[in-house]
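Have a look at start_8.csv; it's CSV, C-alpha atoms:
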```csv
chain,number,residue,atom,x,y,z
A,1,MET,CA,-11.7,4.8,-6.5
A,2,GLU,CA,-11.5,8.6,-7.1
A,3,VAL,CA,-10.1,11.4,-5.1
A,4,ARG,CA,-11.5,14.9,-5.6
A,5,GLY,CA,-10.1,18.1,-4.3
A,6,LEU,CA,-8.7,16.9,-1.0
A,7,ASN,CA,-7.5,19.5,1.5
A,8,LYS,CA,-6.1,18.9,5.0
A,9,TYR,CA,-5.0,21.4,7.6
A,10,TYR,CA,-3.1,21.0,10.9
A,11,GLY,CA,-4.0,24.3,12.5
A,12,THR,CA,-3.1,27.0,10.0
A,13,LYS,CA,-0.7,24.7,8.1
A,14,GLN,CA,-2.1,23.1,4.9
A,15,VAL,CA,-0.5,19.7,4.5
A,16,VAL,CA,-2.7,18.5,1.6
A,17,CYS,CA,-3.7,21.0,-1.1
A,18,GLU,CA,-6.4,20.3,-3.8
A,19,VAL,CA,-5.3,16.7,-4.5
A,20,SER,CA,-7.4,14.9,-7.2
A,21,PHE,CA,-6.8,11.7,-9.2
A,22,GLU,CA,-8.5,8.4,-10.1
A,23,LEU,CA,-6.9,5.0,-9.3
A,24,PRO,CA,-6.6,2.6,-12.3
A,25,LYS,CA,-7.8,-0.9,-11.3
A,26,ASN,CA,-5.6,-4.0,-10.9
A,27,LYS,CA,-2.4,-2.0,-11.0
A,28,VAL,CA,0.4,-1.1,-8.5
A,29,ILE,CA,0.4,2.6,-7.7
A,30,SER,CA,3.2,4.1,-5.7
A,31,PHE,CA,3.2,7.5,-3.9
A,32,ILE,CA,6.6,9.1,-3.8
A,33,GLY,CA,8.1,12.4,-2.8
A,34,PRO,CA,10.2,14.0,-0.1
A,35,ASN,CA,9.4,13.9,3.6
A,36,GLY,CA,6.4,16.0,4.5
A,37,ALA,CA,5.0,15.9,0.9
A,38,GLY,CA,1.6,14.6,2.0
A,39,LYS,CA,1.9,11.0,0.7
A,40,SER,CA,0.9,9.2,3.9
A,41,THR,CA,-1.7,11.8,4.8
A,42,VAL,CA,-3.5,11.2,1.5
A,43,LEU,CA,-3.2,7.5,1.9
A,44,ASN,CA,-4.7,7.7,5.4
A,45,ILE,CA,-7.6,9.9,4.1
A,46,MET,CA,-8.2,7.4,1.3
A,47,THR,CA,-8.6,4.6,3.9
A,48,ARG,CA,-10.7,6.7,6.3
A,49,LEU,CA,-8.1,6.6,9.0
A,50,LEU,CA,-7.9,10.4,8.8
A,51,PRO,CA,-10.6,12.9,8.0
A,52,GLN,CA,-10.2,15.4,5.3
A,53,ASP,CA,-11.2,19.0,5.8
A,54,GLU,CA,-12.4,19.5,2.2
A,55,GLY,CA,-12.9,17.3,-0.8
A,56,GLU,CA,-14.1,13.7,-1.1
A,57,VAL,CA,-13.0,10.2,-1.8
A,58,LEU,CA,-15.4,8.0,-3.9
A,59,LEU,CA,-15.5,4.3,-3.9
A,60,GLU,CA,-17.7,2.7,-6.5
A,61,GLY,CA,-19.2,6.2,-6.9
A,62,LYS,CA,-20.2,6.5,-3.3
A,63,ASN,CA,-18.6,8.9,-0.8
A,64,LEU,CA,-16.3,7.0,1.5
A,65,LYS,CA,-17.9,8.6,4.6
A,66,LYS,CA,-21.2,7.0,3.7
A,67,TRP,CA,-19.8,3.4,3.7
A,68,ASN,CA,-20.7,1.1,6.6
A,69,ASN,CA,-17.5,0.1,8.5
A,70,LYS,CA,-18.0,-3.6,7.9
A,71,GLU,CA,-18.8,-3.3,4.2
A,72,LEU,CA,-15.9,-0.9,3.7
A,73,ALA,CA,-13.5,-3.5,5.3
A,74,LYS,CA,-14.6,-6.0,2.6
A,75,LYS,CA,-13.5,-3.5,-0.1
A,76,LEU,CA,-10.2,-2.1,1.2
A,77,ALA,CA,-7.4,-3.2,3.5
A,78,ILE,CA,-4.6,-1.2,4.9
A,79,LEU,CA,-1.2,-2.1,6.4
A,80,THR,CA,0.2,0.9,8.3
A,81,GLN,CA,3.9,1.7,9.1
A,82,SER,CA,3.7,0.6,12.7
A,83,ASN,CA,2.0,-2.8,13.4
A,84,ASN,CA,2.6,-3.2,17.1
A,85,ILE,CA,0.6,-6.1,18.6
A,86,SER,CA,0.8,-6.5,22.4
A,87,ALA,CA,-1.2,-9.8,22.5
A,88,LYS,CA,0.7,-13.1,22.2
A,89,LEU,CA,-0.5,-14.2,18.8
A,90,THR,CA,0.6,-17.0,16.4
A,91,VAL,CA,0.8,-16.5,12.7
A,92,GLY,CA,-2.4,-18.4,12.2
A,93,GLU,CA,-4.3,-16.3,14.7
A,94,LEU,CA,-3.0,-13.1,13.2
A,95,VAL,CA,-4.0,-14.0,9.6
A,96,ALA,CA,-7.4,-15.1,10.9
A,97,PHE,CA,-8.1,-11.5,11.9
A,98,GLY,CA,-8.3,-10.7,8.1
A,99,ARG,CA,-11.6,-12.6,8.0
A,100,PHE,CA,-13.2,-10.6,10.8
A,101,PRO,CA,-15.1,-8.2,8.5
A,102,HIS,CA,-16.7,-11.3,6.8
A,103,SER,CA,-17.6,-13.6,9.6
A,104,GLY,CA,-16.6,-12.1,12.9
A,105,ASN,CA,-15.3,-14.6,15.4
A,106,ARG,CA,-17.2,-17.5,13.8
A,107,LEU,CA,-15.0,-18.7,11.0
A,108,THR,CA,-16.6,-20.7,8.3
A,109,LYS,CA,-15.0,-23.2,6.0
A,110,GLU,CA,-14.6,-20.5,3.4
A,111,ASP,CA,-12.8,-18.4,5.9
A,112,GLN,CA,-10.5,-21.3,6.8
A,113,ASP,CA,-9.8,-21.8,3.1
A,114,LYS,CA,-8.9,-18.1,2.7
A,115,ILE,CA,-6.6,-18.2,5.7
A,116,LYS,CA,-4.8,-21.3,4.4
A,117,MET,CA,-4.5,-19.8,0.9
A,118,ALA,CA,-3.0,-16.6,2.3
A,119,ILE,CA,-0.5,-18.5,4.5
A,120,ASP,CA,0.5,-20.8,1.7
A,121,TYR,CA,0.8,-17.9,-0.7
A,122,MET,CA,3.2,-16.1,1.6
A,123,GLU,CA,5.1,-19.4,2.3
A,124,LEU,CA,4.4,-19.2,6.0
A,125,GLY,CA,3.1,-22.8,6.6
A,126,GLU,CA,6.0,-23.8,8.8
A,127,PHE,CA,5.4,-20.7,11.0
A,128,TYR,CA,1.7,-21.3,11.4
A,129,ASN,CA,2.0,-21.9,15.2
A,130,ARG,CA,4.9,-19.6,15.7
A,131,PHE,CA,4.4,-16.5,17.8
A,132,ILE,CA,4.7,-13.2,15.9
A,133,ASP,CA,7.2,-11.8,18.3
A,134,GLU,CA,9.5,-14.8,17.5
A,135,LEU,CA,9.7,-14.0,13.8
A,136,SER,CA,12.3,-12.0,12.0
A,137,GLY,CA,11.4,-8.6,10.5
A,138,GLY,CA,10.9,-10.1,7.0
A,139,GLN,CA,8.8,-13.0,8.3
A,140,ARG,CA,6.7,-10.7,10.4
A,141,GLN,CA,6.0,-8.4,7.4
A,142,ARG,CA,4.9,-11.5,5.4
A,143,ALA,CA,2.6,-12.5,8.1
A,144,PHE,CA,0.9,-9.1,8.2
A,145,ILE,CA,0.6,-9.1,4.4
A,146,ALA,CA,-0.9,-12.6,4.7
A,147,MET,CA,-3.6,-11.1,7.0
A,148,VAL,CA,-4.3,-8.5,4.3
A,149,ILE,CA,-4.6,-11.2,1.6
A,150,ALA,CA,-7.0,-13.2,3.8
A,151,GLN,CA,-9.2,-10.1,4.1
A,152,ASP,CA,-9.7,-10.5,0.3
A,153,THR,CA,-10.3,-6.9,-0.7
A,154,GLU,CA,-10.0,-5.3,-4.1
A,155,PHE,CA,-7.9,-2.4,-2.8
A,156,ILE,CA,-4.8,-2.9,-0.6
A,157,PHE,CA,-3.0,0.1,0.9
A,158,LEU,CA,0.5,-0.3,2.2
A,159,ASP,CA,2.3,2.6,4.0
A,160,GLU,CA,6.0,2.2,3.6
A,161,PRO,CA,6.0,-1.7,3.6
A,162,THR,CA,9.8,-1.8,3.2
A,163,ASN,CA,10.5,0.4,6.1
A,164,ASN,CA,13.1,-1.0,8.5
A,165,LEU,CA,13.7,-4.0,6.2
A,166,ASP,CA,17.1,-4.9,4.8
A,167,ILE,CA,17.6,-5.0,1.0
A,168,TYR,CA,16.9,-8.7,0.7
A,169,HIS,CA,13.6,-8.5,2.6
A,170,SER,CA,12.7,-5.2,0.9
A,171,SER,CA,13.1,-6.6,-2.6
A,172,ASN,CA,11.1,-9.7,-1.6
A,173,THR,CA,8.3,-7.6,-0.2
A,174,MET,CA,8.1,-5.6,-3.5
A,175,LYS,CA,8.0,-8.9,-5.5
A,176,LEU,CA,5.1,-10.0,-3.4
A,177,VAL,CA,3.4,-6.7,-4.0
A,178,ARG,CA,3.8,-7.2,-7.7
A,179,ARG,CA,2.3,-10.7,-7.4
A,180,LEU,CA,-0.7,-9.4,-5.5
A,181,CYS,CA,-1.5,-7.4,-8.6
A,182,ASP,CA,-0.5,-9.8,-11.3
A,183,GLU,CA,-1.8,-13.1,-9.8
A,184,LEU,CA,-4.6,-12.0,-7.5
A,185,ASN,CA,-5.9,-9.0,-9.5
A,186,LYS,CA,-5.6,-6.6,-6.6
A,187,THR,CA,-5.2,-2.9,-6.8
A,188,VAL,CA,-2.2,-2.0,-4.6
A,189,ILE,CA,-1.5,1.5,-3.4
A,190,LEU,CA,1.7,2.1,-1.4
A,191,VAL,CA,3.8,4.9,-0.1
A,192,LEU,CA,7.5,4.4,-0.9
A,193,HIS,CA,10.7,6.4,-0.2
A,194,GLU,CA,12.8,4.0,-2.3
A,195,ILE,CA,12.4,5.4,-5.8
A,196,ASN,CA,14.2,2.5,-7.4
A,197,PHE,CA,11.6,0.1,-6.0
A,198,ALA,CA,8.8,2.5,-7.2
A,199,SER,CA,10.3,2.6,-10.7
A,200,ALA,CA,10.9,-1.2,-11.0
A,201,TYR,CA,7.6,-2.6,-9.5
A,202,SER,CA,4.9,0.0,-10.1
A,203,ASP,CA,2.6,0.6,-13.0
A,204,TYR,CA,1.7,4.2,-12.0
A,205,ILE,CA,3.3,6.8,-9.8
A,206,GLY,CA,1.8,9.6,-7.8
A,207,ALA,CA,4.5,12.2,-7.1
A,208,PHE,CA,3.8,14.6,-4.2
A,209,LYS,CA,5.6,17.8,-3.2
A,210,ASP,CA,4.6,20.4,-0.6
A,211,GLY,CA,1.2,18.8,-0.1
A,212,LYS,CA,0.3,18.9,-3.8
A,213,LEU,CA,0.1,16.2,-6.4
A,214,PHE,CA,3.0,17.2,-8.6
A,215,LYS,CA,2.5,14.4,-11.2
A,216,PHE,CA,0.3,11.3,-11.6
A,217,GLY,CA,0.9,8.9,-14.5
A,218,THR,CA,2.7,5.9,-15.7
A,219,VAL,CA,6.2,5.1,-14.5
A,220,ASN,CA,7.7,6.4,-17.8
A,221,GLU,CA,5.7,9.6,-17.6
A,222,VAL,CA,6.7,10.5,-14.0
A,223,MET,CA,10.2,9.0,-13.5
A,224,THR,CA,12.1,11.4,-15.6
A,225,LYS,CA,15.3,13.4,-14.7
A,226,GLU,CA,13.4,16.6,-14.9
A,227,ASN,CA,10.5,15.5,-12.7
A,228,LEU,CA,12.8,13.9,-10.1
A,229,LYS,CA,15.0,16.9,-9.9
A,230,THR,CA,12.0,19.1,-9.3
A,231,LEU,CA,10.7,16.7,-6.6
A,232,TYR,CA,13.9,16.2,-4.7
A,233,ASN,CA,16.2,19.1,-5.7
A,234,VAL,CA,18.8,16.6,-6.7
A,235,ASP,CA,20.3,15.7,-10.1
A,236,PHE,CA,19.6,12.1,-11.1
A,237,ASP,CA,21.0,9.7,-13.6
A,238,ILE,CA,18.6,7.1,-14.9
A,239,GLN,CA,19.3,3.7,-16.6
A,240,TYR,CA,16.6,2.2,-18.8
A,241,ILE,CA,15.8,-1.3,-19.9
A,242,LYS,CA,13.2,-1.5,-22.7
A,243,GLU,CA,12.4,2.2,-22.1
A,244,LYS,CA,11.5,1.6,-18.5
A,245,PRO,CA,13.6,3.2,-15.8
A,246,ILE,CA,15.1,0.5,-13.6
A,247,SER,CA,18.0,2.2,-11.8
A,248,ILE,CA,18.1,5.8,-10.5
A,249,TYR,CA,21.3,7.3,-9.1
A,250,TYR,CA,22.0,10.7,-7.7
```
If you took the structure in this file and wrote it as structure tokens, what would it be?
Amino acid sequence: MEVRGLNKYYGTKQVVCEVSFELPKNKVISFIGPNGAGKSTVLNIMTRLLPQDEGEVLLEGKNLKKWNNKELAKKLAILTQSNNISAKLTVGELVAFGRFPHSGNRLTKEDQDKIKMAIDYMELGEFYNRFIDELSGGQRQRAFIAMVIAQDTEFIFLDEPTNNLDIYHSSNTMKLVRRLCDELNKTVILVLHEINFASAYSDYIGAFKDGKLFKFGTVNEVMTKENLKTLYNVDFDIQYIKEKPISIYY
């Protein structure tokens, strides 16, 4: 997937300015930066939830606007910040929604196998018949990620997946993100405010500031004291293990 010259305006205010980059495959890529930097806006444009004013997003060399909805849903999945479901759904029913782009309401044996795999992978078997609104925040987040896994797309987009989770569930969620890449060969793109999580679990970082892409590169290339100070206007102290930053203090 490639992003070329994205621009987005809200009235006269430009919130995304000439953003271009190419996503490496089968990697975890985190978008970081201060509030209002354009991270989520770019992610929403890349998933066609939001139209750009200028520029283009290419998937397999084809402009994203030209993809059929059903075919696009077989290529990329997104989990947004707010996943409010008013219907009374069980975990099994929720995860089954991930197969809708493939089979609609008529689930095949392949669909059932994908659903079971996703539920087992997220260790949700005991909650299969439990209603979503009866789950804890961490369990509910795992159920939504299981739905994304069942969709079986190459690209998975997660907008602040650790938002409103405690440190235990946040760290477990990031471990699951890492497994999606390493074990299932997915390309995972996520917006994160927790720069320690971005440093520890990502392969690549896209750092945004004032609607522009400040830096895009490997963790080591982006997560330096100088870059972080420019991004957040704060002095940071960074600890390294095997030359990779693992703890960032300010």
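CA of Ser20 (chain A) is found 9.1 Å from CA of Val57 (chain A).
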Take every atom of region 223-241 of chain A listed in the file, fit an axis-aligned box around them, add 6 Å per side, and give the centre and edge lengths in Å to one decimal as lines of an AutoDock Vina configuration file.
```
center_x = 15.6
center_y = 8.9
center_z = -12.3
size_x = 22.8
size_y = 32.4
size_z = 27.2
```
Which residues come within 10 Å of region 6-19 of chain A, counting all atoms listed in the file, excluding same-chain residues fewer than 3 positions away, as an mmCIF file with C-alpha atoms, keeping the file's coordinate frame?
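Saved to out29.cif:
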```cif
data_model
loop_
_atom_site.group_PDB
_atom_site.id
_atom_site.type_symbol
_atom_site.label_atom_id
_atom_site.label_comp_id
_atom_site.auth_asym_id
_atom_site.auth_seq_id
_atom_site.Cartn_x
_atom_site.Cartn_y
_atom_site.Cartn_z
ATOM 1 C CA VAL A 3 -10.100 11.400 -5.100
ATOM 2 C CA GLY A 36 6.400 16.000 4.500
ATOM 3 C CA ALA A 37 5.000 15.900 0.900
ATOM 4 C CA GLY A 38 1.600 14.600 2.000
ATOM 5 C CA LYS A 39 1.900 11.000 0.700
ATOM 6 C CA THR A 41 -1.700 11.800 4.800
ATOM 7 C CA VAL A 42 -3.500 11.200 1.500
ATOM 8 C CA ILE A 45 -7.600 9.900 4.100
ATOM 9 C CA MET A 46 -8.200 7.400 1.300
ATOM 10 C CA LEU A 50 -7.900 10.400 8.800
ATOM 11 C CA PRO A 51 -10.600 12.900 8.000
ATOM 12 C CA GLN A 52 -10.200 15.400 5.300
ATOM 13 C CA ASP A 53 -11.200 19.000 5.800
ATOM 14 C CA GLU A 54 -12.400 19.500 2.200
ATOM 15 C CA GLY A 55 -12.900 17.300 -0.800
ATOM 16 C CA GLU A 56 -14.100 13.700 -1.100
ATOM 17 C CA VAL A 57 -13.000 10.200 -1.800
ATOM 18 C CA PHE A 208 3.800 14.600 -4.200
ATOM 19 C CA LYS A 209 5.600 17.800 -3.200
ATOM 20 C CA ASP A 210 4.600 20.400 -0.600
ATOM 21 C CA GLY A 211 1.200 18.800 -0.100
ATOM 22 C CA LYS A 212 0.300 18.900 -3.800
ATOM 23 C CA LEU A 213 0.100 16.200 -6.400
ATOM 24 C CA PHE A 214 3.000 17.200 -8.600
#
```
ask   = CA of Val28 (chain A) and CA of Met122 (chain A), how far apart in Å?
value = 18.3 Å
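The space between CA of Glu110 (chain A) and CA of Leu76 (chain A) spans 19.0 Å.
Nearest to Phe144 (chain A) of all the residues A:Lys25, A:Leu124, A:Asp166, A:Phe31 is A:Leu124, based on all atoms listed in the file.
With only C-alpha atoms as the basis for measurement, A:Leu23 is the residue among A:Val91, A:Leu23, A:Leu190, A:Asn164 that approaches Leu59 (chain A) most closely.
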key: Distance criterion (all atoms listed in the file): nearest to Lys229 (chain A) out of A:Gln112, A:Leu58, A:Pro34, A:Ile149   = A:Pro34
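Of the listed residues A:Asn163, A:Thr153, A:Asn227, A:Thr90, the one whose atoms come nearest to Glu71 (chain A) is A:Thr153, with distances taken using only C-alpha atoms.
Among A:Asp111, A:Glu93, A:Asp237, A:Glu160, the residue with the shortest atom-to-atom distance to Ala143 (chain A), counting all atoms listed in the file, is A:Glu93.
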key: Nearest candidate to Gly206 (chain A) (options A:Leu184, A:Met174, A:Leu64, A:Ile29; using all atoms listed in the file)   = A:Ile29
Would you kindly return, as a PDB file with C-alpha atoms, keeping the file's coordinate frame, each protein, DNA or RNA residue with an atom no farther than 10 Å from any atom of Asp182 (chain A), considering only C-alpha atoms and excluding same-chain residues fewer than 5 positions away?
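As written to disk, part.pdb reads:
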```pdb
ATOM      1  CA  ASN A  26      -5.600  -4.000 -10.900  1.00  0.00           C
ATOM      2  CA  LYS A  27      -2.400  -2.000 -11.000  1.00  0.00           C
ATOM      3  CA  VAL A  28       0.400  -1.100  -8.500  1.00  0.00           C
ATOM      4  CA  LEU A 176       5.100 -10.000  -3.400  1.00  0.00           C
ATOM      5  CA  VAL A 177       3.400  -6.700  -4.000  1.00  0.00           C
ATOM      6  CA  THR A 187      -5.200  -2.900  -6.800  1.00  0.00           C
TER       7      THR A 187
END
```
Show which residues sit within 10 Å of Val95 (chain A), as a PDB file with C-alpha atoms, keeping the file's coordinate frame. Count all atoms listed in the file, and ignore same-chain residues fewer than 3 positions away.
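Just written: result-v2.pdb:
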```
ATOM      1  CA  LEU A  89      -0.500 -14.200  18.800  1.00  0.00           C
ATOM      2  CA  THR A  90       0.600 -17.000  16.400  1.00  0.00           C
ATOM      3  CA  VAL A  91       0.800 -16.500  12.700  1.00  0.00           C
ATOM      4  CA  GLY A  92      -2.400 -18.400  12.200  1.00  0.00           C
ATOM      5  CA  GLY A  98      -8.300 -10.700   8.100  1.00  0.00           C
ATOM      6  CA  ARG A  99     -11.600 -12.600   8.000  1.00  0.00           C
ATOM      7  CA  PHE A 100     -13.200 -10.600  10.800  1.00  0.00           C
ATOM      8  CA  LYS A 114      -8.900 -18.100   2.700  1.00  0.00           C
ATOM      9  CA  ILE A 115      -6.600 -18.200   5.700  1.00  0.00           C
ATOM     10  CA  LYS A 116      -4.800 -21.300   4.400  1.00  0.00           C
ATOM     11  CA  ALA A 118      -3.000 -16.600   2.300  1.00  0.00           C
ATOM     12  CA  ILE A 119      -0.500 -18.500   4.500  1.00  0.00           C
ATOM     13  CA  TYR A 128       1.700 -21.300  11.400  1.00  0.00           C
ATOM     14  CA  ALA A 143       2.600 -12.500   8.100  1.00  0.00           C
ATOM     15  CA  PHE A 144       0.900  -9.100   8.200  1.00  0.00           C
ATOM     16  CA  ILE A 145       0.600  -9.100   4.400  1.00  0.00           C
ATOM     17  CA  ALA A 146      -0.900 -12.600   4.700  1.00  0.00           C
ATOM     18  CA  MET A 147      -3.600 -11.100   7.000  1.00  0.00           C
ATOM     19  CA  VAL A 148      -4.300  -8.500   4.300  1.00  0.00           C
ATOM     20  CA  ILE A 149      -4.600 -11.200   1.600  1.00  0.00           C
ATOM     21  CA  ALA A 150      -7.000 -13.200   3.800  1.00  0.00           C
ATOM     22  CA  GLN A 151      -9.200 -10.100   4.100  1.00  0.00           C
TER      23      GLN A 151
END
```
